[in-house]
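Here's the structure we're looking at; comments come further down.
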Amino acid sequence: MDDDDGRLRRRQFLTLAAKGAGIAALGLLGGKVFVERLAGLPDDARVKPAGLGQAWVMMIDLDRCDGCGVCTTACRAEHNVPEGQEWIKVYEITDPEGTSYFLPRPCMHCENAPCVAVCPVGATYTRRDGLVLVDQNRCIGCRYCMAACPYNARYFNWEGPLELTPEEQALYSPEAPVVHRRGTVEKCVFCAHRADRGVLPACVEACPMKAIFFGDAAEDAVSNGKEVWRLSEALKERGGFRFKEDLGTKPRVFYLPPEGS
Amino acid sequence: MASDRDLGTDALLAPVARWTPRFFVFIAALAAVVGWGAYAYGVQLQHGLVVTAMRDTVSWGLYISNFVFFIGISHVGALMSAILRLTKAEWRRPITRMAEAITVCSLFVGASMPIIDLGRPDRLLNVILYGRIQSAILWDFLSIGTYLVGSLLFFYLFLIPDLAILRDRLTSIGRLRRWIYRKLALGWSGAADQRRRLERSIGIMTILILPIAISVHTVVSWIFAMTLRVGWNSTIFGPYFVAGALFSGVASVLMAMALFAHFYKLERWITPLHFRHLAYLLLVLDLVYIYFTLNEYLTVSYKSEGTEADLLASLYGGSYASLFWTIQLGGLVIPAFLLASRRTRTTLGIVVAATLVNVTMWLKRYLIVVSTLATPQMPTGWASYWPTWVEWSITAAAFAGFVLLFSLLSRVVPIVSVWETLETPETPPGAATEHAPEEVAA
């Protein structure tokens, strides 16, 4: 009787061990995927090659901005921006002293981007040159990135077509979102398609006050199409700042304060 | 003795054995509400989320509030039931099944809410295909998924002996149902080694389910707490949400107890004693929640930093003030008095308190989600949000769906655990377990 019981236990033990090994193997496999995801290893197919060491930045001279809104219009034309969205939005700010000025807000393309951190599917991602882009082919429309963005820079396509025609799909890339789909999130892309060709963003070109500068922080140079400034000097001389610096998001958009204030 | 036991079993099995016409009417009414919600969701699928009142600033609304609420009440099955089991509180026996059923039903309803909220529900699979583990949504996905499986198992384990009773006792029901009971009972005969194995499994699950449940509402709160937004950017959100979850969960069990005791004529098992014991628990949780609320708002108010001050001003005296104070008074202060005073701690008073708690805890979730998103974080005015008929319809369907699932469940398995309840040495209600001398004095 005892013996019988013992054999049974041995057999049970062996089955259990085999099952355990199977589960462990599955666990290891899962763990590997897990760690790769955790490390955020780039999905190479999705990263467009960018120049070595480029770091695109924008600098906006608030002293020059007169709030005309031409940048918003130019952006709309460039990207066929859906109704109700302003990828570069001009806010009017009134100081406690009563002086008012305008603050154009593109996407900040934060180095420490909250939207990239919270995206559950990697639809929003940081390109090697620092641009934060959204892949509308992957976005599930949970809008967590919108809740996380401290600058209200993100917009949701509340309506519109769900799917693109094959021709439209061929036109689409996260760098140049000119066609738009319902149920996904979009925003300013720093005109990635133009930057890749060495052309200034649409808003920079269009600004009649030449208030918006774009350039490469690695070269310490920004241009508004007419002048080329040394970024570090401009920021130092004029007391440049980043919006909500204290949040630690490290925006790639710098502002030069209005002279009056 | 045996015949008394038989009578008890019959009474507990009665709702399962015979489905009354009134029940069918009730189910039909609930199904109609759910159907209307399904229609509203169809409209939303067809036209997009533009049919809701959500827009770019207030980008989450009713759906996410419902999500937090239902996941919240789902905690009671694990936390309350497991804790009462572990502490060997004998009076728990007639009410644990109810709590565990609430967990299962509310999890299904709660988990469907963020999916309804998705802009692209057709791409839901992307969460698995491309899931990135640093997103709190992935944490939720994993933890709610685990909890759903765990609580189904937890519910099922305690059901096995009852399924065997159903298999043996209900001979006049349809063949399909009998076949299902027979399969699900897994050949349970109540033999000693079967009991030993069941007790071991139960022991393991009772302990396992606790950390899983706590993790669930912690990561639900982290969805909010991991952002840089006023009102959400808080370090105590994890325990605050877990406490709130258990608070509304216990209130839900109290409401379910009252309804089942009345409609299923279970007053013999669900006694004033059960209401009183759970009322004490609800009171303690109320005080814990008040403590957390004080912590959350006092520390922030004292400093009144920048936009935090804007949000607080709107909560204390601005556009959200009526909602905020309704919650504090109606959901925390008044229930505390109702539960603390012996005069109002009657079954009726307790149920009123529980109802107040549940209504205001739903409002609280709405307030947390909406007021923060409406607070301007750019130089603009306050955003406004008032849900559309689509959102209200889907919300109504969520509540109706929950009651529907719960009612159906209570008609296929006994809502008071037969084997656990009849296993206790029969004591006249209010005798052995009644230990409060002040009750005698009063």
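Identifiers in this document derive from the order of the structure tokens: chains are assigned A, B, ..., residues are numbered from 1 separately in each chain, and ligands are numbered from 1 in order of occurrence.
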Discussion item. Applying 12 Å and only C-alpha atoms, which residues near Asn224 of chain A remain after dropping the ones on its own chain fewer than 4 positions away? List them as number ranges by chain.
Written reply: A: 58-61, 64, 199-215, 228-231
Go through chain B and flag each residue having an atom no more than 9 Å from chain A; for those, report the closest pair of atoms plus their distance in Å to one decimal, using only C-alpha atoms, ordered by chain and rising number, as JSON lines.
{"residue": "B:His47", "atom": "CA", "partner": "A:Glu159", "partner_atom": "CA", "distance": 6.7}
{"residue": "B:Gly48", "atom": "CA", "partner": "A:Glu159", "partner_atom": "CA", "distance": 5.4}
{"residue": "B:Leu49", "atom": "CA", "partner": "A:Trp158", "partner_atom": "CA", "distance": 5.3}
{"residue": "B:Val50", "atom": "CA", "partner": "A:Trp158", "partner_atom": "CA", "distance": 4.7}
{"residue": "B:Val51", "atom": "CA", "partner": "A:Trp158", "partner_atom": "CA", "distance": 8.4}
{"residue": "B:Met54", "atom": "CA", "partner": "A:Trp158", "partner_atom": "CA", "distance": 8.8}
{"residue": "B:Arg55", "atom": "CA", "partner": "A:Trp158", "partner_atom": "CA", "distance": 7.6}
{"residue": "B:Asp56", "atom": "CA", "partner": "A:Tyr155", "partner_atom": "CA", "distance": 5.7}
{"residue": "B:Thr57", "atom": "CA", "partner": "A:Asn152", "partner_atom": "CA", "distance": 7.1}
{"residue": "B:Val58", "atom": "CA", "partner": "A:Ala147", "partner_atom": "CA", "distance": 8.4}
{"residue": "B:Ser59", "atom": "CA", "partner": "A:Arg143", "partner_atom": "CA", "distance": 6.9}
{"residue": "B:Trp60", "atom": "CA", "partner": "A:Arg143", "partner_atom": "CA", "distance": 7.8}
{"residue": "B:Pro114", "atom": "CA", "partner": "A:Cys142", "partner_atom": "CA", "distance": 7.8}
{"residue": "B:Ile115", "atom": "CA", "partner": "A:Cys142", "partner_atom": "CA", "distance": 8.4}
{"residue": "B:Asp117", "atom": "CA", "partner": "A:Cys142", "partner_atom": "CA", "distance": 7.0}
{"residue": "B:Leu118", "atom": "CA", "partner": "A:Cys142", "partner_atom": "CA", "distance": 4.9}
{"residue": "B:Gly119", "atom": "CA", "partner": "A:Gly183", "partner_atom": "CA", "distance": 3.8}
{"residue": "B:Arg120", "atom": "CA", "partner": "A:Ile140", "partner_atom": "CA", "distance": 4.8}
{"residue": "B:Pro121", "atom": "CA", "partner": "A:Ile140", "partner_atom": "CA", "distance": 6.8}
{"residue": "B:Asp122", "atom": "CA", "partner": "A:Ile140", "partner_atom": "CA", "distance": 8.0}
{"residue": "B:Arg123", "atom": "CA", "partner": "A:Ile140", "partner_atom": "CA", "distance": 5.6}
{"residue": "B:Leu124", "atom": "CA", "partner": "A:Ile140", "partner_atom": "CA", "distance": 6.6}
{"residue": "B:Asn126", "atom": "CA", "partner": "A:Val121", "partner_atom": "CA", "distance": 6.2}
{"residue": "B:Val127", "atom": "CA", "partner": "A:Val121", "partner_atom": "CA", "distance": 5.5}
{"residue": "B:Ile128", "atom": "CA", "partner": "A:Val121", "partner_atom": "CA", "distance": 8.2}
{"residue": "B:Leu129", "atom": "CA", "partner": "A:Val121", "partner_atom": "CA", "distance": 8.0}
{"residue": "B:Tyr130", "atom": "CA", "partner": "A:Val121", "partner_atom": "CA", "distance": 4.9}
{"residue": "B:Gly131", "atom": "CA", "partner": "A:Val121", "partner_atom": "CA", "distance": 4.7}
{"residue": "B:Arg132", "atom": "CA", "partner": "A:Pro120", "partner_atom": "CA", "distance": 5.4}
{"residue": "B:Ile133", "atom": "CA", "partner": "A:Leu38", "partner_atom": "CA", "distance": 5.9}
{"residue": "B:Gln134", "atom": "CA", "partner": "A:Ala117", "partner_atom": "CA", "distance": 6.4}
{"residue": "B:Ser135", "atom": "CA", "partner": "A:Val118", "partner_atom": "CA", "distance": 4.4}
{"residue": "B:Ala136", "atom": "CA", "partner": "A:Val118", "partner_atom": "CA", "distance": 6.5}
{"residue": "B:Ile137", "atom": "CA", "partner": "A:Pro120", "partner_atom": "CA", "distance": 5.9}
{"residue": "B:Leu138", "atom": "CA", "partner": "A:Pro120", "partner_atom": "CA", "distance": 6.0}
{"residue": "B:Ile223", "atom": "CA", "partner": "A:Tyr144", "partner_atom": "CA", "distance": 8.4}
{"residue": "B:Phe224", "atom": "CA", "partner": "A:Ala147", "partner_atom": "CA", "distance": 8.5}
{"residue": "B:Met226", "atom": "CA", "partner": "A:Ala148", "partner_atom": "CA", "distance": 8.2}
{"residue": "B:Thr227", "atom": "CA", "partner": "A:Ala148", "partner_atom": "CA", "distance": 5.1}
{"residue": "B:Leu228", "atom": "CA", "partner": "A:Ala148", "partner_atom": "CA", "distance": 6.5}
{"residue": "B:Arg229", "atom": "CA", "partner": "A:Pro150", "partner_atom": "CA", "distance": 7.1}
{"residue": "B:Leu373", "atom": "CA", "partner": "A:Ala147", "partner_atom": "CA", "distance": 7.2}
{"residue": "B:Gln377", "atom": "CA", "partner": "A:Pro150", "partner_atom": "CA", "distance": 6.6}
{"residue": "B:Met378", "atom": "CA", "partner": "A:Tyr151", "partner_atom": "CA", "distance": 6.4}
{"residue": "B:Pro379", "atom": "CA", "partner": "A:Ile93", "partner_atom": "CA", "distance": 6.4}
{"residue": "B:Thr380", "atom": "CA", "partner": "A:Tyr91", "partner_atom": "CA", "distance": 7.7}
Output N, CA and C atoms for every residue in that selection, as a short mmCIF file (atom, residue, chain, number, x, y, z; two decimals), in the first residue's frame.
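again_28.cif written:
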data_model
loop_
_atom_site.label_atom_id
_atom_site.label_comp_id
_atom_site.auth_asym_id
_atom_site.auth_seq_id
_atom_site.Cartn_x
_atom_site.Cartn_y
_atom_site.Cartn_z
N HIS B 47 -20.53 56.74 -36.55
CA HIS B 47 -20.15 58.14 -36.77
C HIS B 47 -18.85 58.53 -36.10
N GLY B 48 -18.36 57.70 -35.19
CA GLY B 48 -17.15 58.05 -34.46
C GLY B 48 -17.47 58.69 -33.13
N LEU B 49 -16.42 58.97 -32.35
CA LEU B 49 -16.61 59.51 -31.01
C LEU B 49 -17.12 60.95 -31.03
N VAL B 50 -17.33 61.48 -32.23
CA VAL B 50 -17.89 62.82 -32.34
C VAL B 50 -19.31 62.86 -31.75
N VAL B 51 -19.95 61.71 -31.65
CA VAL B 51 -21.31 61.68 -31.09
C VAL B 51 -21.28 61.80 -29.56
N MET B 54 -17.11 64.36 -25.58
CA MET B 54 -15.67 64.47 -25.37
C MET B 54 -15.05 65.22 -26.54
N ARG B 55 -14.10 66.08 -26.23
CA ARG B 55 -13.36 66.80 -27.26
C ARG B 55 -11.89 66.84 -26.86
N ASP B 56 -11.09 67.62 -27.59
CA ASP B 56 -9.66 67.54 -27.39
C ASP B 56 -9.19 67.90 -25.98
N THR B 57 -9.92 68.75 -25.27
CA THR B 57 -9.47 69.11 -23.92
C THR B 57 -9.98 68.10 -22.90
N VAL B 58 -11.32 67.97 -22.80
CA VAL B 58 -11.85 66.91 -21.94
C VAL B 58 -11.97 65.67 -22.82
N SER B 59 -10.88 64.92 -22.89
CA SER B 59 -10.81 63.83 -23.87
C SER B 59 -11.25 62.49 -23.28
N TRP B 60 -11.48 62.46 -21.97
CA TRP B 60 -12.08 61.29 -21.32
C TRP B 60 -13.30 61.77 -20.55
N PRO B 114 -13.34 50.85 -21.17
CA PRO B 114 -12.27 51.48 -21.96
C PRO B 114 -12.27 51.03 -23.41
N ILE B 115 -12.81 49.86 -23.68
CA ILE B 115 -12.86 49.41 -25.07
C ILE B 115 -13.91 50.22 -25.83
N ASP B 117 -14.58 53.16 -25.12
CA ASP B 117 -14.00 54.50 -25.21
C ASP B 117 -12.97 54.62 -26.35
N LEU B 118 -12.50 53.49 -26.86
CA LEU B 118 -11.44 53.52 -27.87
C LEU B 118 -11.90 54.16 -29.18
N GLY B 119 -10.98 54.91 -29.79
CA GLY B 119 -11.26 55.46 -31.10
C GLY B 119 -11.22 54.37 -32.16
N ARG B 120 -10.35 53.38 -31.94
CA ARG B 120 -10.21 52.29 -32.90
C ARG B 120 -10.33 50.94 -32.20
N PRO B 121 -11.56 50.57 -31.78
CA PRO B 121 -11.69 49.27 -31.12
C PRO B 121 -11.27 48.12 -32.02
N ASP B 122 -11.31 48.35 -33.35
CA ASP B 122 -10.89 47.30 -34.28
C ASP B 122 -9.40 46.98 -34.15
N ARG B 123 -8.66 47.89 -33.50
CA ARG B 123 -7.22 47.66 -33.36
C ARG B 123 -6.84 47.24 -31.95
N LEU B 124 -7.81 46.76 -31.19
CA LEU B 124 -7.56 46.39 -29.80
C LEU B 124 -6.39 45.41 -29.68
N ASN B 126 -3.73 45.39 -31.10
CA ASN B 126 -2.42 46.05 -31.07
C ASN B 126 -1.81 46.09 -29.68
N VAL B 127 -2.69 46.10 -28.66
CA VAL B 127 -2.19 46.14 -27.29
C VAL B 127 -1.35 44.89 -27.00
N ILE B 128 -1.74 43.78 -27.60
CA ILE B 128 -0.97 42.55 -27.42
C ILE B 128 0.19 42.50 -28.42
N LEU B 129 -0.09 42.88 -29.67
CA LEU B 129 0.94 42.79 -30.71
C LEU B 129 2.10 43.75 -30.47
N TYR B 130 1.76 44.99 -30.08
CA TYR B 130 2.80 46.01 -29.96
C TYR B 130 2.90 46.56 -28.54
N GLY B 131 2.30 45.88 -27.58
CA GLY B 131 2.23 46.41 -26.21
C GLY B 131 3.58 46.86 -25.69
N ARG B 132 3.58 48.05 -25.10
CA ARG B 132 4.83 48.57 -24.51
C ARG B 132 4.62 48.65 -23.01
N ILE B 133 5.49 47.95 -22.31
CA ILE B 133 5.25 47.69 -20.90
C ILE B 133 5.41 48.93 -20.02
N GLN B 134 5.96 50.03 -20.57
CA GLN B 134 6.09 51.21 -19.70
C GLN B 134 4.80 52.02 -19.65
N SER B 135 3.78 51.60 -20.40
CA SER B 135 2.52 52.32 -20.36
C SER B 135 1.61 51.74 -19.29
N ALA B 136 1.03 52.62 -18.48
CA ALA B 136 0.15 52.16 -17.40
C ALA B 136 -1.06 51.41 -17.96
N ILE B 137 -1.40 51.65 -19.20
CA ILE B 137 -2.53 50.93 -19.80
C ILE B 137 -2.19 49.44 -19.93
N LEU B 138 -0.92 49.16 -20.22
CA LEU B 138 -0.49 47.76 -20.29
C LEU B 138 -0.58 47.11 -18.90
N ILE B 223 -2.98 55.09 -13.85
CA ILE B 223 -3.28 55.67 -15.16
C ILE B 223 -3.32 57.19 -15.01
N PHE B 224 -3.94 57.63 -13.93
CA PHE B 224 -4.05 59.07 -13.69
C PHE B 224 -2.79 59.61 -13.04
N MET B 226 0.23 58.77 -13.10
CA MET B 226 1.47 58.79 -13.86
C MET B 226 1.54 59.99 -14.81
N THR B 227 0.55 60.87 -14.76
CA THR B 227 0.58 62.04 -15.63
C THR B 227 0.94 63.28 -14.81
N LEU B 228 1.26 64.35 -15.56
CA LEU B 228 1.68 65.59 -14.90
C LEU B 228 0.50 66.53 -14.72
N ARG B 229 -0.69 66.00 -14.45
CA ARG B 229 -1.84 66.88 -14.41
C ARG B 229 -2.29 67.17 -12.99
N LEU B 373 -9.29 67.22 -16.31
CA LEU B 373 -9.13 67.47 -17.74
C LEU B 373 -9.66 68.85 -18.13
N GLN B 377 -4.63 73.98 -18.72
CA GLN B 377 -3.19 73.89 -18.50
C GLN B 377 -2.44 74.74 -19.53
N MET B 378 -3.21 75.38 -20.39
CA MET B 378 -2.66 76.37 -21.31
C MET B 378 -3.45 77.65 -21.04
N PRO B 379 -2.95 78.81 -21.54
CA PRO B 379 -3.68 80.06 -21.26
C PRO B 379 -5.03 80.12 -21.98
N THR B 380 -5.98 79.31 -21.52
CA THR B 380 -7.33 79.35 -22.07
C THR B 380 -8.31 79.32 -20.91
#
_Residue set, segment 27-202 of chain A restricted to strand (DSSP E or B), as a PyMOL selection string_ = chain A and resi 56-61+89-94+100-105+124-126+132-134+155-156+185-186
Hey, can you spit out that residue selection with C-alpha atoms as a PDB file, in the first residue's frame?
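Wrote part.pdb, looks like this:
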ATOM      1  CA  TRP A  56      15.866  69.495 -34.427  1.00  0.00           C
ATOM      2  CA  VAL A  57      14.781  72.453 -32.330  1.00  0.00           C
ATOM      3  CA  MET A  58      12.544  75.448 -32.743  1.00  0.00           C
ATOM      4  CA  MET A  59      13.051  78.912 -31.319  1.00  0.00           C
ATOM      5  CA  ILE A  60      10.219  81.430 -31.245  1.00  0.00           C
ATOM      6  CA  ASP A  61      10.844  85.122 -30.673  1.00  0.00           C
ATOM      7  CA  LYS A  89      -1.882  77.342 -31.933  1.00  0.00           C
ATOM      8  CA  VAL A  90      -1.386  80.989 -31.010  1.00  0.00           C
ATOM      9  CA  TYR A  91      -2.372  81.827 -27.437  1.00  0.00           C
ATOM     10  CA  GLU A  92      -2.712  85.336 -26.090  1.00  0.00           C
ATOM     11  CA  ILE A  93      -1.208  85.760 -22.653  1.00  0.00           C
ATOM     12  CA  THR A  94      -1.766  88.718 -20.359  1.00  0.00           C
ATOM     13  CA  SER A 100      -0.143  91.055 -23.273  1.00  0.00           C
ATOM     14  CA  TYR A 101       1.765  89.053 -25.823  1.00  0.00           C
ATOM     15  CA  PHE A 102       1.247  86.071 -28.091  1.00  0.00           C
ATOM     16  CA  LEU A 103       2.603  82.581 -27.639  1.00  0.00           C
ATOM     17  CA  PRO A 104       2.553  80.216 -30.604  1.00  0.00           C
ATOM     18  CA  ARG A 105       2.516  76.601 -29.434  1.00  0.00           C
ATOM     19  CA  THR A 124       3.766  57.581 -30.747  1.00  0.00           C
ATOM     20  CA  TYR A 125       7.540  57.381 -30.713  1.00  0.00           C
ATOM     21  CA  THR A 126      10.683  59.463 -30.684  1.00  0.00           C
ATOM     22  CA  VAL A 132       8.050  62.852 -31.709  1.00  0.00           C
ATOM     23  CA  LEU A 133       5.769  61.304 -34.317  1.00  0.00           C
ATOM     24  CA  VAL A 134       2.471  59.402 -34.334  1.00  0.00           C
ATOM     25  CA  TYR A 155      -5.644  66.368 -31.279  1.00  0.00           C
ATOM     26  CA  PHE A 156      -8.011  63.520 -31.891  1.00  0.00           C
ATOM     27  CA  VAL A 185      -4.418  61.080 -32.567  1.00  0.00           C
ATOM     28  CA  GLU A 186      -2.427  63.682 -34.478  1.00  0.00           C
TER      29      GLU A 186
END
What separates atom CA of Gly53 of chain A and atom CA of Glu219 of chain A is a distance of 9.1 Å
*Looking only at the backbone, which of the residues in segment 113-195 of chain A does DSSP tag as alpha helix (DSSP H), as a PyMOL selection string?*
chain A and resi 114-118+144-148+166-171+192-195
Would you save the residues of that selection, restricted to N, CA and C atoms, as a PDB file, in the first residue's frame?
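Result file is out-v2.pdb:
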ATOM      1  N   PRO A 114       6.033  62.860 -22.231  1.00  0.00           N
ATOM      2  CA  PRO A 114       5.042  62.066 -21.497  1.00  0.00           C
ATOM      3  C   PRO A 114       4.168  61.232 -22.422  1.00  0.00           C
ATOM      4  N   CYS A 115       3.876  61.757 -23.614  1.00  0.00           N
ATOM      5  CA  CYS A 115       2.998  61.043 -24.542  1.00  0.00           C
ATOM      6  C   CYS A 115       3.634  59.738 -25.022  1.00  0.00           C
ATOM      7  N   VAL A 116       4.952  59.786 -25.252  1.00  0.00           N
ATOM      8  CA  VAL A 116       5.651  58.588 -25.719  1.00  0.00           C
ATOM      9  C   VAL A 116       5.669  57.542 -24.602  1.00  0.00           C
ATOM     10  N   ALA A 117       5.865  58.028 -23.361  1.00  0.00           N
ATOM     11  CA  ALA A 117       5.912  57.092 -22.232  1.00  0.00           C
ATOM     12  C   ALA A 117       4.595  56.352 -22.061  1.00  0.00           C
ATOM     13  N   VAL A 118       3.470  57.063 -22.188  1.00  0.00           N
ATOM     14  CA  VAL A 118       2.197  56.438 -21.836  1.00  0.00           C
ATOM     15  C   VAL A 118       1.556  55.655 -22.979  1.00  0.00           C
ATOM     16  N   TYR A 144      -4.737  58.379 -24.209  1.00  0.00           N
ATOM     17  CA  TYR A 144      -3.943  58.538 -22.990  1.00  0.00           C
ATOM     18  C   TYR A 144      -2.879  59.617 -23.204  1.00  0.00           C
ATOM     19  N   CYS A 145      -2.311  59.671 -24.438  1.00  0.00           N
ATOM     20  CA  CYS A 145      -1.282  60.673 -24.732  1.00  0.00           C
ATOM     21  C   CYS A 145      -1.828  62.083 -24.588  1.00  0.00           C
ATOM     22  N   MET A 146      -3.123  62.252 -24.921  1.00  0.00           N
ATOM     23  CA  MET A 146      -3.721  63.584 -24.818  1.00  0.00           C
ATOM     24  C   MET A 146      -3.874  63.978 -23.363  1.00  0.00           C
ATOM     25  N   ALA A 147      -4.245  62.988 -22.530  1.00  0.00           N
ATOM     26  CA  ALA A 147      -4.372  63.259 -21.101  1.00  0.00           C
ATOM     27  C   ALA A 147      -3.006  63.569 -20.503  1.00  0.00           C
ATOM     28  N   ALA A 148      -1.959  62.958 -21.065  1.00  0.00           N
ATOM     29  CA  ALA A 148      -0.629  63.108 -20.482  1.00  0.00           C
ATOM     30  C   ALA A 148       0.093  64.360 -20.962  1.00  0.00           C
ATOM     31  N   PRO A 166      -6.468  53.022 -51.026  1.00  0.00           N
ATOM     32  CA  PRO A 166      -5.069  52.617 -51.257  1.00  0.00           C
ATOM     33  C   PRO A 166      -4.200  53.790 -51.728  1.00  0.00           C
ATOM     34  N   GLU A 167      -4.771  54.683 -52.532  1.00  0.00           N
ATOM     35  CA  GLU A 167      -4.001  55.841 -53.007  1.00  0.00           C
ATOM     36  C   GLU A 167      -3.627  56.740 -51.837  1.00  0.00           C
ATOM     37  N   GLU A 168      -4.623  56.953 -50.952  1.00  0.00           N
ATOM     38  CA  GLU A 168      -4.370  57.807 -49.787  1.00  0.00           C
ATOM     39  C   GLU A 168      -3.342  57.164 -48.862  1.00  0.00           C
ATOM     40  N   GLN A 169      -3.490  55.845 -48.700  1.00  0.00           N
ATOM     41  CA  GLN A 169      -2.562  55.124 -47.821  1.00  0.00           C
ATOM     42  C   GLN A 169      -1.137  55.260 -48.353  1.00  0.00           C
ATOM     43  N   ALA A 170      -0.986  55.269 -49.668  1.00  0.00           N
ATOM     44  CA  ALA A 170       0.338  55.418 -50.270  1.00  0.00           C
ATOM     45  C   ALA A 170       0.910  56.796 -49.969  1.00  0.00           C
ATOM     46  N   LEU A 171       0.027  57.787 -49.823  1.00  0.00           N
ATOM     47  CA  LEU A 171       0.469  59.152 -49.513  1.00  0.00           C
ATOM     48  C   LEU A 171       0.893  59.288 -48.060  1.00  0.00           C
ATOM     49  N   ALA A 192       8.489  67.018 -40.422  1.00  0.00           N
ATOM     50  CA  ALA A 192       9.571  66.038 -40.566  1.00  0.00           C
ATOM     51  C   ALA A 192       9.917  65.782 -42.022  1.00  0.00           C
ATOM     52  N   HIS A 193       8.896  65.758 -42.876  1.00  0.00           N
ATOM     53  CA  HIS A 193       9.140  65.484 -44.295  1.00  0.00           C
ATOM     54  C   HIS A 193       9.999  66.570 -44.923  1.00  0.00           C
ATOM     55  N   ARG A 194       9.845  67.811 -44.456  1.00  0.00           N
ATOM     56  CA  ARG A 194      10.643  68.919 -44.995  1.00  0.00           C
ATOM     57  C   ARG A 194      12.037  68.927 -44.366  1.00  0.00           C
ATOM     58  N   ALA A 195      12.096  68.639 -43.061  1.00  0.00           N
ATOM     59  CA  ALA A 195      13.394  68.601 -42.389  1.00  0.00           C
ATOM     60  C   ALA A 195      14.300  67.557 -43.035  1.00  0.00           C
TER      61      ALA A 195
END
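Atom pair atom CA of Arg411 of chain B / atom CA of Phe70 of chain B has a distance of 21.9 Å (rounded to one decimal).
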field: Gly203 of chain B environment, 12 Å, only C-alpha atoms, sequence neighbours closer than 4 positions dropped, as a VMD selection string
entry: chain B and resid 82 to 83 85 to 86 88 154 157 to 158 195 to 199 207 to 210
Go ahead and write the selection's residues with C-alpha atoms as an mmCIF file, in the first residue's frame.
data_model
loop_
_atom_site.group_PDB
_atom_site.id
_atom_site.type_symbol
_atom_site.label_atom_id
_atom_site.label_comp_id
_atom_site.auth_asym_id
_atom_site.auth_seq_id
_atom_site.Cartn_x
_atom_site.Cartn_y
_atom_site.Cartn_z
ATOM 1 C CA ALA B 82 -10.951 36.707 1.157
ATOM 2 C CA ILE B 83 -10.247 38.700 4.301
ATOM 3 C CA ARG B 85 -12.405 33.880 5.055
ATOM 4 C CA LEU B 86 -8.835 34.254 6.235
ATOM 5 C CA LYS B 88 -12.447 32.841 9.903
ATOM 6 C CA PHE B 154 -12.164 31.935 -6.961
ATOM 7 C CA LEU B 157 -13.965 26.817 -6.533
ATOM 8 C CA PHE B 158 -16.540 27.707 -3.890
ATOM 9 C CA ARG B 195 -12.735 17.972 0.343
ATOM 10 C CA ARG B 196 -9.062 18.045 1.230
ATOM 11 C CA ARG B 197 -8.093 18.996 -2.304
ATOM 12 C CA LEU B 198 -10.791 21.629 -2.553
ATOM 13 C CA GLU B 199 -9.761 23.150 0.742
ATOM 14 C CA ILE B 207 -4.271 34.285 -0.451
ATOM 15 C CA LEU B 208 -3.327 34.755 -4.122
ATOM 16 C CA ILE B 209 -6.364 36.861 -4.932
ATOM 17 C CA LEU B 210 -5.502 39.529 -2.343
#
- Item | Contacts of Asp162 of chain B within 12 Å, only C-alpha atoms, excl. fewer than 6 positions in-chain, as a ChimeraX atom specification | /B:9,12-13,16,97,155-156,168-170,181-182,184-190,412-423
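Closest approach to Leu285 of chain B among B:Ala243, B:Ala397, B:Ala256, B:Ile102 is made by B:Ala243 (distances from only C-alpha atoms).
Restricting the calculation to only C-alpha atoms, the smallest distance between Cys110 of chain A and any of A:Leu256, A:Phe190, A:Lys19, A:Val81 is found for A:Phe190.
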task: Find the residues around Met361 of chain B up to 9 Å (only C-alpha atoms counted), leave out those fewer than 2 positions away in its own chain, and share them as a list in words.
output: Phe69, Gly244, Ala245, Phe247, Ser248, Ile327, Gly331, Leu356, Val357, Asn358, Val359, Leu363, Lys364, Arg365 and Tyr366 of chain B
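Comparing the minimum interatomic distances between Trp87 of chain A and each of A:Ala55, A:Val179, A:Met108, A:Asp66, counting only C-alpha atoms, we find that A:Met108 sits nearest.
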